[in-house]
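Input: a single structure, listed below in structure tokens.
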2 protein chains.
Amino acid sequence: MITNEQVLNAFRGVIHPEMKRNLVELGMVKDVAVEDGEVTVTLALPFMEIPIKDDLVSSLREAVSELDSELGTEVKLVEMSQQERTEFMTAAEGGPKPAQSVNRIAHVVTVLSGKGGVGKSSVTALMAIVLNRQGERVGVLDADITGPSQPKMFGLHQLPPVSKQGIIPAETPGGVKLMSINLLLPSDDEAVIWRGPLISSAIKQFWNEVLWGELDYLVVDLPPGTSDASLTVMQSIPLSGVLLVTSPQDLAGMVVRKAAHMAQRMKAPILGVVENMIYAICPKCGERIEVFGPSKAMHMTEQLGVPFLGRIPLDPELSRCCDEGEIELYDAELFEPIAEKLVERVPALKTPPVFPGN
Amino acid sequence: MITNEQVLNAFRGVIHPEMKRNLVELGMVKDVAVEDGEVTVTLALPFMEIPIKDDLVSSLREAVSELDSELGTEVKLVEMSQQERTEFMTAAEGGPKPAQSVNRIAHVVTVLSGKGGVGKSSVTALMAIVLNRQGERVGVLDADITGPSQPKMFGLHQLPPVSKQGIIPAETPGGVKLMSINLLLPSDDEAVIWRGPLISSAIKQFWNEVLWGELDYLVVDLPPGTSDASLTVMQSIPLSGVLLVTSPQDLAGMVVRKAAHMAQRMKAPILGVVENMIYAICPKCGERIEVFGPSKAMHMTEQLGVPFLGRIPLDPELSRCCDEGEIELYDAELFEPIAEKLVERVPALKTPPVFPGN
């Protein structure tokens with residue numbers, strides 16, 4: 001008579017073709033029961049529609065049949081929770097890195113837009129600054145590897161030191177912790193000509209190997225698009241949610257809807273939409289000029305069924321602060337109600353939870 | 001006595017580890033000479049600094065030593081020309097596709113910015129429109145797979161038909177041929193959640209398998225960033241040159257300098273820089289408002305040693321035309337001198353050259 005334990009041991013011989021670790025070690029085998037000549041196994045997938053699903057199921061069946069060719073196998077498929085998915089990714093990397101046993105991060109919010117140039121990076125920075133001014137412990141992870149702009153906006157240039165436990169993030173004058181590829185480059189305008197896998201591994205390193213310490217909020221700045229960087233952030237980092245940034249252009253709206261659909265498919269909750277660049281003020285006559293056309297975000301958020309968090313105008317003063325590395329000196333008053341609405345949806349936990357992997 | 005032919009045959013046994021074809025077939029072995037107990041072989045690399053360079057050299061040495069262990073081997077490394085690189089990529093794909101024997105494309109110009117939202121897509125479209133109005137035969141290849149905006153700007157939605165020879169591109173009312181992933185999606189705002197290799201293969205397909213026919217100019221719209229899409233276009237398509245688009249923000253400038261450095265490293269000639277969004281005009285008092293700060297392109301082009309082609313203001317009318325799919329109705333007068341300067345640098349060949357692979 002074959003026992004549950006024997007079946008589980010057989011499954012330790014089934015190697016995930018991409019992760020190169022066995023399915024039990026990866027936490028994918030959730031439950032095994034042998035009863036009446038049949039094995040029932042619950043297989044947890046990071047996402048229901050992964051391409052190798054059928055291969056994994058066949059491998060499990062084979063493993064059972066090698067054990068006892070008379071045994072039948074029923075494989076039940078379930079989708080991992082966000083927490084399980086993070087543990088799965090950590091196991092795939094060979095267990096937690098030293099930095100991860102020190103880090104306590106209450107909430108990770110990622111800023112996504114799909115289309116470039118709608119002010120995603122400045123919204124990321126303003127969000128971090130406003131939360132920091134309110135006494136929260138805040139970090140910024142710049143996941144835009146080929147177009148990183150956070151260090152320049154905050155005026156940071158120094159190379160982050162590396163300790164035994166991990167990389168020590170830079171710190172802005174105001175006390176926001178920051179990690180970006182641009183801090184590691186010999187010069188600001190050096191190009192990072194990397195294909196996807198390197199991009200992904202840099203982002204994972206910023207998450208796994210940076211000594212963020214205790215944070216209430218980690219804000220992640222994503223590059224435009226729904227390819228490697230966004231996928232890696234949504235798959236490997238446990239997100240409290242996604243903040244979408246758009247501009248009044250229809251084109252921007254279309255691409256942001258793509259981003260929203262990505263977030264929905266990746267099961268990342270959408271915290272809300274910020275509409276940026278809604279008008280510029282004429283310095284001569286005070287007229288509000290809708291340089292990208294009339295506001296459309298209200299309509300879009302209704303269509304998508306997600307909250308609308310607020311609007312920000314184009315402000316040459318913000319451009320100047322960003323260009324001069326002084327974004328922390330910018331009077332971000334207009335942004336405060338937006339940050340407040342965001343915090344309502346993701347309240348700061350003053351006692352951050354123990355991070356998965358500990 | 002070993003002959004050149006025997007050595008060459010031995011090299012047919014050396015398989016490129018990524019391309020899965022032998023080095024001779026790929027056109028990498030440029031010259032072989034056996035003299036005085038030594039083989040001298042000239043190995044052409046697509047780029048000098050490819051990571052597998054040393055592996056390829058050792059494999060050649062091994063092949064010679066298996067033939068005759070007394071023979072020495074000297075490997076001379078040279079870099080492929082743009083033309084050779086394209087032939088190399090075509091060979092790697094298993095030879096030319098049917099569409100490629102029909103296509104005659106005189107010039108491919110790619111529009112690159114590094115940073116998003118500086119108007120790269122509208123500059124691509126305006127360039128195509130102005131050249132088309134001047135009687136040139138023009139196509140637009142939308143290589144922005146995760147944020148495609150060309151079909152929306154031109155008001156195109158129909159699914160491109162497929163013939164035996166290849167995919168038939170869409171055609172704008174004005175007669176510009178267009179291919180974009182958005183023409184292939186069930187709805188405009190469907191997200192394309194693809195990692196790099198799929199992005200690259202879509203772009204290669206748009207180049208290899210679309211029936212562009214005879215074109216004077218093919219304008220390629222790239223996504224922001226210096227990752228997979230830009231790499232694929234610069235490695236797989238024979239470019240006449242790169243057009244850089246920037247905005248007056250320092251941040252945009254920094255990221256555009258990254259893009260310029262990428263083009264230089266990939267040996268793609270930079271045709272010039274267009275500075276977009278330099279001011280908005282107040283509809284009430286006519287004041288020119290520099291919403292992103294004062295112009296900086298002149299300084300940047302001097303630093304980079306590349307030509308400055310011109311400036312374009314922010315125009316709500318252009319936004320409206322783009323949003324309504326009527327960019328071809330936009331009076332692009334301001335853009336004409338820019339297109340003229342570009343054409344001076346890449347004159348239209350009325351008899352396009354035979355395409356590599358024929």
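Residues are referred to by chain and number: the chain letter is A, B, ... according to the order shown in the structure tokens, the number counts from 1 in that chain, and ligands are numbered separately from 1 in the order shown.
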
Filtered DSSP result for region 65-246 of chain B, state alpha helix (DSSP H), as a VMD selection string: chain B and resid 65 to 67 82 to 92 98 to 102 120 to 133 150 to 154 196 to 208 228 to 236

Polymer residues at most 10 Å from Asp331 (chain A), only C-alpha atoms, same-chain spacing of 2 or more positions, as a PyMOL selection string: chain A and resi 126+130+317-318+321+327-329+333-336

Could you please take those selected residues and save C-alpha atoms as an mmCIF file, in the first residue's frame?
```cif
data_model
loop_
_atom_site.group_PDB
_atom_site.id
_atom_site.type_symbol
_atom_site.label_atom_id
_atom_site.label_comp_id
_atom_site.auth_asym_id
_atom_site.auth_seq_id
_atom_site.Cartn_x
_atom_site.Cartn_y
_atom_site.Cartn_z
ATOM 1 C CA LEU A 126 5.827 62.998 -5.006
ATOM 2 C CA VAL A 130 4.338 63.402 0.803
ATOM 3 C CA GLU A 317 8.316 74.666 -11.230
ATOM 4 C CA LEU A 318 8.049 70.870 -10.804
ATOM 5 C CA CYS A 321 12.873 70.984 -9.270
ATOM 6 C CA ILE A 327 12.130 67.578 -6.030
ATOM 7 C CA GLU A 328 12.052 67.368 -2.225
ATOM 8 C CA LEU A 329 11.911 71.168 -2.067
ATOM 9 C CA GLU A 333 0.450 70.571 -1.599
ATOM 10 C CA LEU A 334 -1.713 69.685 -4.599
ATOM 11 C CA PHE A 335 -0.565 66.107 -4.253
ATOM 12 C CA GLU A 336 -1.506 65.712 -0.586
#
```

Interface residues on chain A facing chain B, 7 Å, only C-alpha atoms, written as a PyMOL selection string: chain A and resi 114-118+146-147+149+189-196+225-228+249-251+254-255+257-259+261-262+280+282+284-285+287+289+291-293+314-316+319-320+323

Can I get the selected residues back with N, CA and C atoms, as a CSV table (one decimal), in the first residue's frame?
```
chain,number,residue,atom,x,y,z
A,114,GLY,N,1.9,52.3,-18.5
A,114,GLY,CA,1.7,51.8,-19.9
A,114,GLY,C,2.5,52.8,-20.8
A,115,LYS,N,1.9,54.0,-20.9
A,115,LYS,CA,2.5,55.0,-21.8
A,115,LYS,C,3.6,55.8,-21.1
A,116,GLY,N,4.6,56.1,-21.7
A,116,GLY,CA,5.7,56.9,-21.1
A,116,GLY,C,5.3,58.4,-21.1
A,117,GLY,N,6.1,59.1,-20.3
A,117,GLY,CA,6.0,60.6,-20.3
A,117,GLY,C,4.7,61.2,-19.7
A,118,VAL,N,3.9,60.4,-19.0
A,118,VAL,CA,2.7,60.9,-18.4
A,118,VAL,C,3.0,61.4,-16.9
A,146,THR,N,16.1,50.9,-17.9
A,146,THR,CA,16.7,51.5,-19.1
A,146,THR,C,16.5,53.0,-19.1
A,147,GLY,N,15.6,53.5,-18.3
A,147,GLY,CA,15.3,55.0,-18.3
A,147,GLY,C,15.1,55.5,-16.8
A,149,SER,N,15.0,57.6,-13.6
A,149,SER,CA,15.1,59.1,-13.4
A,149,SER,C,15.0,59.5,-11.9
A,189,ASP,N,24.4,59.3,-18.0
A,189,ASP,CA,23.8,59.0,-19.3
A,189,ASP,C,24.4,57.8,-20.0
A,190,GLU,N,25.0,57.0,-19.2
A,190,GLU,CA,25.5,55.6,-19.7
A,190,GLU,C,24.2,54.8,-20.0
A,191,ALA,N,24.2,54.1,-21.2
A,191,ALA,CA,23.0,53.3,-21.6
A,191,ALA,C,23.1,52.0,-21.0
A,192,VAL,N,22.0,51.5,-20.5
A,192,VAL,CA,21.9,50.1,-20.1
A,192,VAL,C,21.2,49.3,-21.2
A,193,ILE,N,22.0,48.6,-22.0
A,193,ILE,CA,21.5,47.9,-23.2
A,193,ILE,C,21.3,46.5,-22.8
A,194,TRP,N,20.2,46.2,-22.1
A,194,TRP,CA,20.0,44.8,-21.6
A,194,TRP,C,18.7,44.3,-22.2
A,195,ARG,N,18.7,43.0,-22.5
A,195,ARG,CA,17.5,42.3,-22.8
A,195,ARG,C,16.7,41.9,-21.5
A,196,GLY,N,15.5,41.5,-21.7
A,196,GLY,CA,14.6,41.2,-20.6
A,196,GLY,C,15.2,40.5,-19.4
A,225,GLY,N,5.1,50.4,-20.5
A,225,GLY,CA,4.9,49.1,-21.2
A,225,GLY,C,4.5,48.0,-20.2
A,226,THR,N,4.2,46.9,-20.8
A,226,THR,CA,3.7,45.7,-20.1
A,226,THR,C,4.5,44.5,-20.3
A,227,SER,N,5.8,44.8,-20.4
A,227,SER,CA,6.7,43.6,-20.7
A,227,SER,C,7.5,43.3,-19.5
A,228,ASP,N,8.8,42.9,-19.6
A,228,ASP,CA,9.6,42.3,-18.6
A,228,ASP,C,9.6,43.0,-17.2
A,249,GLN,N,-4.6,62.8,-22.8
A,249,GLN,CA,-4.6,62.3,-24.2
A,249,GLN,C,-5.3,61.0,-24.3
A,250,ASP,N,-6.1,60.8,-25.3
A,250,ASP,CA,-6.8,59.6,-25.6
A,250,ASP,C,-5.8,58.4,-25.7
A,251,LEU,N,-4.7,58.7,-26.4
A,251,LEU,CA,-3.7,57.7,-26.6
A,251,LEU,C,-3.2,57.2,-25.3
A,254,MET,N,-5.7,55.0,-23.7
A,254,MET,CA,-5.8,53.6,-24.3
A,254,MET,C,-4.6,52.8,-23.7
A,255,VAL,N,-3.5,53.3,-23.6
A,255,VAL,CA,-2.3,52.5,-23.2
A,255,VAL,C,-2.5,52.3,-21.7
A,257,ARG,N,-5.3,51.8,-20.2
A,257,ARG,CA,-6.3,50.7,-20.1
A,257,ARG,C,-5.6,49.4,-20.3
A,258,LYS,N,-4.6,49.4,-21.2
A,258,LYS,CA,-3.8,48.1,-21.4
A,258,LYS,C,-3.2,47.8,-20.1
A,259,ALA,N,-2.5,48.8,-19.4
A,259,ALA,CA,-1.8,48.5,-18.2
A,259,ALA,C,-2.8,48.0,-17.1
A,261,HIS,N,-5.6,46.4,-17.6
A,261,HIS,CA,-5.9,45.0,-17.9
A,261,HIS,C,-4.8,44.1,-17.5
A,262,MET,N,-3.6,44.5,-17.6
A,262,MET,CA,-2.5,43.7,-17.2
A,262,MET,C,-2.6,43.5,-15.7
A,280,ALA,N,-1.9,73.6,-18.1
A,280,ALA,CA,-0.8,74.5,-17.7
A,280,ALA,C,-1.4,75.9,-17.5
A,282,CYS,N,-1.1,79.9,-17.8
A,282,CYS,CA,-0.3,80.9,-18.6
A,282,CYS,C,0.3,81.9,-17.5
A,284,LYS,N,1.3,84.8,-18.0
A,284,LYS,CA,1.0,86.1,-18.3
A,284,LYS,C,-0.4,86.5,-17.9
A,285,CYS,N,-1.4,85.7,-18.4
A,285,CYS,CA,-2.8,86.0,-18.2
A,285,CYS,C,-3.5,85.1,-17.2
A,287,GLU,N,-4.6,82.1,-17.7
A,287,GLU,CA,-5.5,81.2,-18.3
A,287,GLU,C,-5.0,79.7,-18.1
A,289,ILE,N,-4.6,76.3,-19.7
A,289,ILE,CA,-4.5,75.8,-21.0
A,289,ILE,C,-4.5,74.2,-21.0
A,291,VAL,N,-3.3,71.6,-22.6
A,291,VAL,CA,-2.4,71.3,-23.7
A,291,VAL,C,-2.6,69.9,-24.3
A,292,PHE,N,-3.1,69.0,-23.5
A,292,PHE,CA,-3.3,67.7,-24.1
A,292,PHE,C,-4.8,67.4,-24.2
A,293,GLY,N,-5.6,68.4,-24.3
A,293,GLY,CA,-7.0,68.3,-24.5
A,293,GLY,C,-7.7,68.1,-23.1
A,314,LEU,N,0.2,70.6,-15.1
A,314,LEU,CA,1.6,70.8,-15.6
A,314,LEU,C,2.2,71.9,-14.8
A,315,ASP,N,3.4,71.8,-14.2
A,315,ASP,CA,3.9,72.9,-13.5
A,315,ASP,C,5.4,73.0,-13.8
A,316,PRO,N,5.8,74.1,-14.5
A,316,PRO,CA,7.2,74.3,-14.9
A,316,PRO,C,8.1,74.3,-13.6
A,319,SER,N,9.0,70.7,-13.0
A,319,SER,CA,10.1,70.4,-14.0
A,319,SER,C,11.4,70.9,-13.5
A,320,ARG,N,11.4,72.2,-13.1
A,320,ARG,CA,12.7,72.8,-12.6
A,320,ARG,C,13.3,72.0,-11.4
A,323,ASP,N,14.7,68.7,-12.6
A,323,ASP,CA,15.9,68.9,-13.4
A,323,ASP,C,17.1,69.2,-12.4
```

Region 17-239 of chain A: residues DSSP assigns to strand (DSSP E or B), reported as a VMD selection string: chain A and resid 22 29 to 35 38 to 45 72 to 79 104 to 112 138 to 142 162 167 170 to 171 177 to 179 210 214 to 221

Near-Leu43 (chain B) list (9 Å; only C-alpha atoms; drop same-chain fewer than 3 positions) as a count of residues only: 13

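By chain and then residue number, the residues within 7 Å of Glu74 (chain A) are Val39, Thr40, Val41, Gly72 and Lys76 of chain A, counting only C-alpha atoms and disregarding those fewer than 2 positions away in sequence.
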
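Look at Leu26 (chain B): the protein and nucleic acid residues within 9 Å of it, using only C-alpha atoms and passing over chain neighbours fewer than 4 places away, are His16, Met19, Arg21, Asn22, Glu87, Phe88, Met89, Thr90, Ala91 and Ala92 of chain B.
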
Write out as an mmCIF file with C-alpha atoms, in the first residue's frame the residues lying within 9 Å of Val24 (chain A), counting only C-alpha atoms and excluding same-chain residues fewer than 5 positions away.
```cif
data_model
loop_
_atom_site.group_PDB
_atom_site.id
_atom_site.type_symbol
_atom_site.label_atom_id
_atom_site.label_comp_id
_atom_site.auth_asym_id
_atom_site.auth_seq_id
_atom_site.Cartn_x
_atom_site.Cartn_y
_atom_site.Cartn_z
ATOM 1 C CA LEU A 8 5.227 13.218 -1.829
ATOM 2 C CA ASN A 9 8.745 11.819 -2.034
ATOM 3 C CA PHE A 11 7.038 14.354 -6.369
ATOM 4 C CA ARG A 12 10.389 15.570 -5.017
ATOM 5 C CA GLY A 13 11.777 14.013 -8.178
ATOM 6 C CA VAL A 14 9.641 16.250 -10.423
ATOM 7 C CA VAL A 29 2.278 20.541 -4.144
ATOM 8 C CA LYS A 30 -0.339 21.655 -1.656
#
```

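Candidate residues A:Gln158, A:Gln100, A:Asn208, A:Ser81 were compared for distance to Glu171 (chain A), and the nearest is A:Gln158, using only C-alpha atoms.
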
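Minimum distance to Glu340 (chain B) across B:Val306, B:Met48, B:Met127, B:Ile15 (counting only C-alpha atoms) occurs at B:Met127.
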
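Across the structure, CA of Val32 (chain B) and CA of Thr73 (chain B) are spaced 10.3 Å apart.
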